[in-house]
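With mmCIF, C-alpha atoms inside, this is target05.cif:
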```cif
data_final
#
loop_
_atom_site.label_atom_id
_atom_site.label_comp_id
_atom_site.auth_asym_id
_atom_site.auth_seq_id
_atom_site.Cartn_x
_atom_site.Cartn_y
_atom_site.Cartn_z
CA MET M 13 104.34 75.47 56.74
CA LYS M 14 106.73 77.48 54.55
CA ASN M 15 104.35 77.08 51.59
CA LYS M 16 101.56 78.79 53.58
CA LEU M 17 103.65 81.48 55.27
CA LEU M 18 105.17 83.14 52.20
CA PRO M 19 101.86 83.70 50.37
CA PHE M 20 100.41 85.12 53.60
CA ILE M 21 103.35 87.55 53.96
CA PHE M 22 103.12 88.66 50.32
CA LYS M 23 99.36 89.10 50.55
CA TYR M 24 99.49 91.24 53.70
CA LYS M 25 102.91 92.87 53.29
CA TYR M 26 101.65 96.47 53.56
CA PHE M 27 99.61 95.67 56.64
CA LEU M 28 102.60 93.92 58.23
CA ILE M 29 104.84 96.89 57.40
CA TYR M 30 102.25 99.16 59.03
CA ILE M 31 102.16 96.98 62.18
CA VAL M 32 105.97 97.01 62.47
CA PHE M 33 106.10 100.78 61.89
CA PHE M 34 103.28 101.44 64.38
CA GLY M 35 105.02 99.22 66.95
CA PHE M 36 108.27 101.13 66.48
CA VAL M 37 106.52 104.47 66.86
CA SER M 38 104.47 103.37 69.87
CA PHE M 39 107.19 101.72 71.88
CA LEU M 40 110.37 103.59 70.97
CA PHE M 41 109.58 107.00 69.51
CA ASN M 42 106.65 107.96 71.80
CA SER M 43 108.31 107.03 75.08
CA LYS M 44 111.53 108.83 74.12
CA GLN M 45 109.78 112.15 73.41
CA LYS M 46 108.21 112.46 76.86
CA GLU M 47 111.62 112.30 78.56
CA TYR M 48 112.28 115.95 77.67
CA TYR M 49 109.13 117.46 79.17
CA LEU M 50 107.56 117.86 82.60
CA GLU M 51 104.22 116.10 83.01
CA LYS M 52 102.38 119.38 83.59
CA ASP M 53 103.70 120.75 80.28
CA ILE M 54 102.54 117.67 78.36
CA GLN M 55 99.12 117.83 80.03
CA SER M 56 98.84 121.55 79.29
CA PHE M 57 99.70 120.88 75.63
CA LYS M 58 97.04 118.14 75.38
CA GLU M 59 94.37 120.38 76.94
CA ASN M 60 95.16 123.71 75.28
CA LEU M 61 97.16 123.44 72.08
CA TYR M 62 96.38 119.94 70.80
CA PRO M 63 92.64 120.52 70.08
CA ARG M 64 93.51 123.62 68.04
CA ILE M 65 96.19 121.76 66.07
CA ALA M 66 93.84 118.82 65.47
CA LEU M 67 90.94 120.99 64.28
CA PHE M 68 93.15 123.20 62.11
CA SER M 69 94.91 120.21 60.51
CA SER M 70 91.61 118.37 60.03
CA GLY M 71 90.14 121.43 58.33
CA ILE M 72 93.10 121.67 55.97
CA LEU M 73 92.98 117.95 55.09
CA ILE M 74 89.22 118.02 54.44
CA CYS M 75 89.54 121.21 52.33
CA ILE M 76 92.28 119.59 50.24
CA MET M 77 90.17 116.49 49.70
CA LEU M 78 87.10 118.54 48.76
CA THR M 79 89.13 120.74 46.41
CA ILE M 80 90.42 117.65 44.64
CA GLY M 81 86.84 116.37 44.43
CA PHE M 82 85.59 119.62 42.88
CA LEU M 83 88.53 119.82 40.45
CA LYS M 84 87.82 116.28 39.26
CA LYS M 85 84.16 117.34 38.82
CA LEU M 86 82.78 114.58 40.99
CA LYS M 87 79.06 114.25 41.60
CA PHE M 88 77.49 115.58 44.80
CA LYS M 89 77.11 112.08 46.22
CA GLN M 90 80.80 111.34 45.61
CA ILE M 91 81.84 114.63 47.18
CA LEU M 92 79.67 113.89 50.22
CA ASN M 93 81.28 110.46 50.45
CA LEU M 94 84.70 112.10 50.20
CA PHE M 95 83.78 114.52 53.01
CA ILE M 96 82.56 111.72 55.30
CA SER M 97 85.59 109.53 54.63
CA GLY M 98 87.92 112.53 55.11
CA SER M 99 86.24 113.33 58.42
CA PHE M 100 86.62 109.72 59.52
CA ILE M 101 90.31 109.70 58.58
CA CYS M 102 90.89 112.94 60.50
CA PHE M 103 89.09 111.51 63.52
CA MET M 104 91.26 108.38 63.37
CA ILE M 105 94.48 110.34 63.03
CA PHE M 106 93.93 113.15 65.51
CA PHE M 107 91.75 111.66 68.22
CA LEU M 108 92.36 107.92 68.32
CA MET M 109 96.09 108.37 67.78
CA GLN M 110 96.36 111.36 70.12
CA ASN M 111 99.39 110.03 71.96
CA THR M 112 101.37 109.48 68.75
CA VAL M 113 100.42 112.86 67.27
CA THR M 114 101.24 114.55 70.60
CA CYS M 115 104.68 112.92 70.62
CA LEU M 116 105.25 114.02 67.02
CA CYS M 117 104.40 117.61 68.06
CA LEU M 118 106.79 117.30 71.04
CA PHE M 119 109.53 116.21 68.63
CA ILE M 120 108.78 119.12 66.26
CA ASN M 121 108.87 121.51 69.22
CA ARG M 122 112.46 120.49 69.99
CA LEU M 123 113.74 121.02 66.42
CA ASP M 124 114.58 124.66 67.12
CA THR M 125 115.14 126.66 70.29
CA LYS M 126 113.78 130.18 70.66
CA LYS M 127 115.25 131.03 74.06
CA GLU M 128 116.51 129.57 77.32
CA ILE M 129 114.53 129.90 80.54
CA ASN M 130 115.80 129.46 84.09
CA ASN M 131 113.18 128.58 86.69
CA SER M 132 113.66 128.34 90.42
CA TYR M 133 111.35 126.22 92.56
CA LYS M 134 111.12 126.49 96.33
CA THR M 135 110.21 123.31 98.22
CA ILE M 136 107.05 123.87 100.23
CA TYR M 137 106.10 120.36 101.33
CA ILE M 138 108.22 117.29 102.02
CA SER M 139 107.04 113.94 103.38
CA ASP M 140 108.98 110.72 104.01
CA ASN M 141 112.14 112.37 102.64
CA LYS M 142 111.20 111.43 99.08
CA TYR M 143 107.81 112.97 98.26
CA PHE M 144 107.71 116.72 97.88
CA THR M 145 106.11 119.67 96.15
CA ALA M 146 107.97 122.77 95.03
CA GLU M 147 106.49 126.05 93.80
CA ASN M 148 107.96 128.33 91.15
CA THR M 149 109.39 131.43 92.82
CA THR M 150 108.29 133.79 90.04
CA GLN M 151 105.07 132.21 88.72
CA PRO M 152 102.41 131.34 91.29
CA LYS M 153 100.54 128.06 90.83
CA ASP M 154 103.43 126.49 88.91
CA PHE M 155 104.48 123.39 90.83
CA ILE M 156 106.78 120.42 90.38
CA ASN M 157 106.90 117.21 92.37
CA GLU M 158 109.34 114.34 92.90
CA SER M 159 108.55 112.68 89.56
CA ASP M 160 109.51 115.87 87.68
CA TYR M 161 112.62 116.16 89.85
CA TYR M 162 113.72 112.61 89.05
CA LYS M 163 112.95 113.08 85.36
CA TYR M 164 115.13 116.20 85.25
CA PHE M 165 117.99 115.12 87.52
CA GLY M 166 117.90 111.37 86.92
CA LEU M 167 118.45 109.25 90.00
CA LYS M 168 119.83 112.12 92.09
CA ASP M 169 118.80 111.63 95.71
CA ALA M 170 115.92 113.88 96.79
CA SER M 171 116.04 112.84 100.46
CA LYS M 172 118.49 115.64 101.25
CA LEU M 173 115.96 118.33 100.30
CA LYS M 174 114.45 120.39 103.11
CA ASN M 175 111.56 122.85 103.26
CA GLY M 176 112.64 126.12 101.68
CA ASP M 177 115.39 124.66 99.48
CA ILE M 178 115.66 126.12 95.98
CA ILE M 179 115.69 123.80 92.96
CA LYS M 180 116.97 125.38 89.74
CA LEU M 181 115.82 124.02 86.37
CA LYS M 182 116.99 125.20 82.94
CA PHE M 183 114.52 124.94 80.07
CA LYS M 184 114.59 125.74 76.39
CA GLN M 185 111.55 127.11 74.60
CA GLY M 186 110.83 125.30 71.34
CA LEU M 187 108.97 126.01 68.11
CA LEU M 188 105.51 125.47 69.66
CA ASN M 189 106.38 127.64 72.71
CA MET M 190 106.65 124.60 74.97
CA ASN M 191 109.47 124.34 77.49
CA TYR M 192 111.70 121.30 77.30
CA PHE M 193 114.95 120.28 78.93
CA ILE M 194 117.94 118.09 78.33
CA ALA M 195 118.31 115.78 81.34
CA GLU M 196 121.45 116.24 83.38
#
```

Written as structure tokens, how would this file's structure read?
Amino acid sequence: MKNKLLPFIFKYKYFLIYIVFFGFVSFLFNSKQKEYYLEKDIQSFKENLYPRIALFSSGILICIMLTIGFLKKLKFKQILNLFISGSFICFMIFFLMQNTVTCLCLFINRLDTKKEINNSYKTIYISDNKYFTAENTTQPKDFINESDYYKYFGLKDASKLKNGDIIKLKFKQGLLNMNYFIAE
């Protein structure tokens, strides 16, 4: 058994390193990044900012690859092959690994703080003493619910909330203009 295992490990060592690294990123790094953001902010990032970042980064990567191809004076067929493979790599990175790239952007956002923001939310609907919706007092159509509340406050009991109660949340605005918080 040992005689077959070692050659297998040496033959596929880079692939095994990639699997271990991808597992670390997927299970530890990605889940940790989402703890600092409200779900609506992550969804807004994925819908609005992520496509622009993906297209811009893909364009830069493809331009770099094509520039290298032209500088090496490759033939047209080789440059076309380089373009197609570059497009495929960009598709793999930015669209099939969207969750990982999004979490990397969330991490980058938290590297520096531009300003602090205080938001107040007024509870407008409560059911069963644990499910509720609260609306931002200054920005209409900005809501939070019990999952955002528990993410921000931890296991603090929400059953004591009543209609009209004010919930105060402190956010920091990061490099990518996304609000994040440090859980209390």

Picked residues, the PyMOL selection byres ((chain M and resi 134-149) around 10), as a short mmCIF file (atom, residue, chain, number, x, y, z; two decimals) with C-alpha atoms, in the coordinates of the input:
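Writing done, so here's expr27.cif:
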```
data_model
loop_
_atom_site.label_atom_id
_atom_site.label_comp_id
_atom_site.auth_asym_id
_atom_site.auth_seq_id
_atom_site.Cartn_x
_atom_site.Cartn_y
_atom_site.Cartn_z
CA ASN M 131 113.18 128.58 86.69
CA SER M 132 113.66 128.34 90.42
CA TYR M 133 111.35 126.22 92.56
CA THR M 150 108.29 133.79 90.04
CA GLN M 151 105.07 132.21 88.72
CA PRO M 152 102.41 131.34 91.29
CA LYS M 153 100.54 128.06 90.83
CA ASP M 154 103.43 126.49 88.91
CA PHE M 155 104.48 123.39 90.83
CA ILE M 156 106.78 120.42 90.38
CA ASN M 157 106.90 117.21 92.37
CA GLU M 158 109.34 114.34 92.90
CA SER M 159 108.55 112.68 89.56
CA ASP M 160 109.51 115.87 87.68
CA TYR M 161 112.62 116.16 89.85
CA ASP M 169 118.80 111.63 95.71
CA ALA M 170 115.92 113.88 96.79
CA SER M 171 116.04 112.84 100.46
CA LYS M 172 118.49 115.64 101.25
CA LEU M 173 115.96 118.33 100.30
CA LYS M 174 114.45 120.39 103.11
CA ASN M 175 111.56 122.85 103.26
CA GLY M 176 112.64 126.12 101.68
CA ASP M 177 115.39 124.66 99.48
CA ILE M 178 115.66 126.12 95.98
CA ILE M 179 115.69 123.80 92.96
CA LYS M 180 116.97 125.38 89.74
#
```

Target residues per the PyMOL selection byres ((chain M and resi 128) around 7), formatted as a ChimeraX atom specification | /M:127,129-130,183-185

C-alpha atoms of the current selection, written as a compact mmCIF listing (two decimals), in the frame of the given file:
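File produced: out.txt:
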```
# COMPACT_ATOMS: atom_id res chain seq x y z
CA LYS M 127 115.25 131.03 74.06
CA ILE M 129 114.53 129.90 80.54
CA ASN M 130 115.80 129.46 84.09
CA PHE M 183 114.52 124.94 80.07
CA LYS M 184 114.59 125.74 76.39
CA GLN M 185 111.55 127.11 74.60
```

Expected selection from the PyMOL selection byres ((chain M and resi 46-61) around 12), given as a PyMOL selection string = chain M and resi 39-45+62-68+106-107+110-119+121-122+153-166+181-186+188-196

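Residues in contact range of Ile74 (chain M), defined as at most 10 Å between all atoms listed in the file, with sequence neighbours fewer than 6 positions away removed, read Ile80, Leu94, Phe95, Ile96, Ser97, Gly98, Ser99, Ile101 and Cys102 of chain M.
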
If you measure from CA of Met109 (chain M) to CA of Ser38 (chain M), what distance in Å do you get, rounded to one decimal?
-> 10.0 Å

Can you tell me, as a PyMOL selection string, what residues are no more than 8 Å from Ile91 (chain M) when counting only C-alpha atoms, ignoring any on the same chain fewer than 3 positions away?
-> chain M and resi 78+81-82+86-88+94-95

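Checking M:Leu187, M:Leu73, M:Leu167, M:Leu108 one by one against Leu123 (chain M), counting all atoms listed in the file, you find the shortest gap at M:Leu187.
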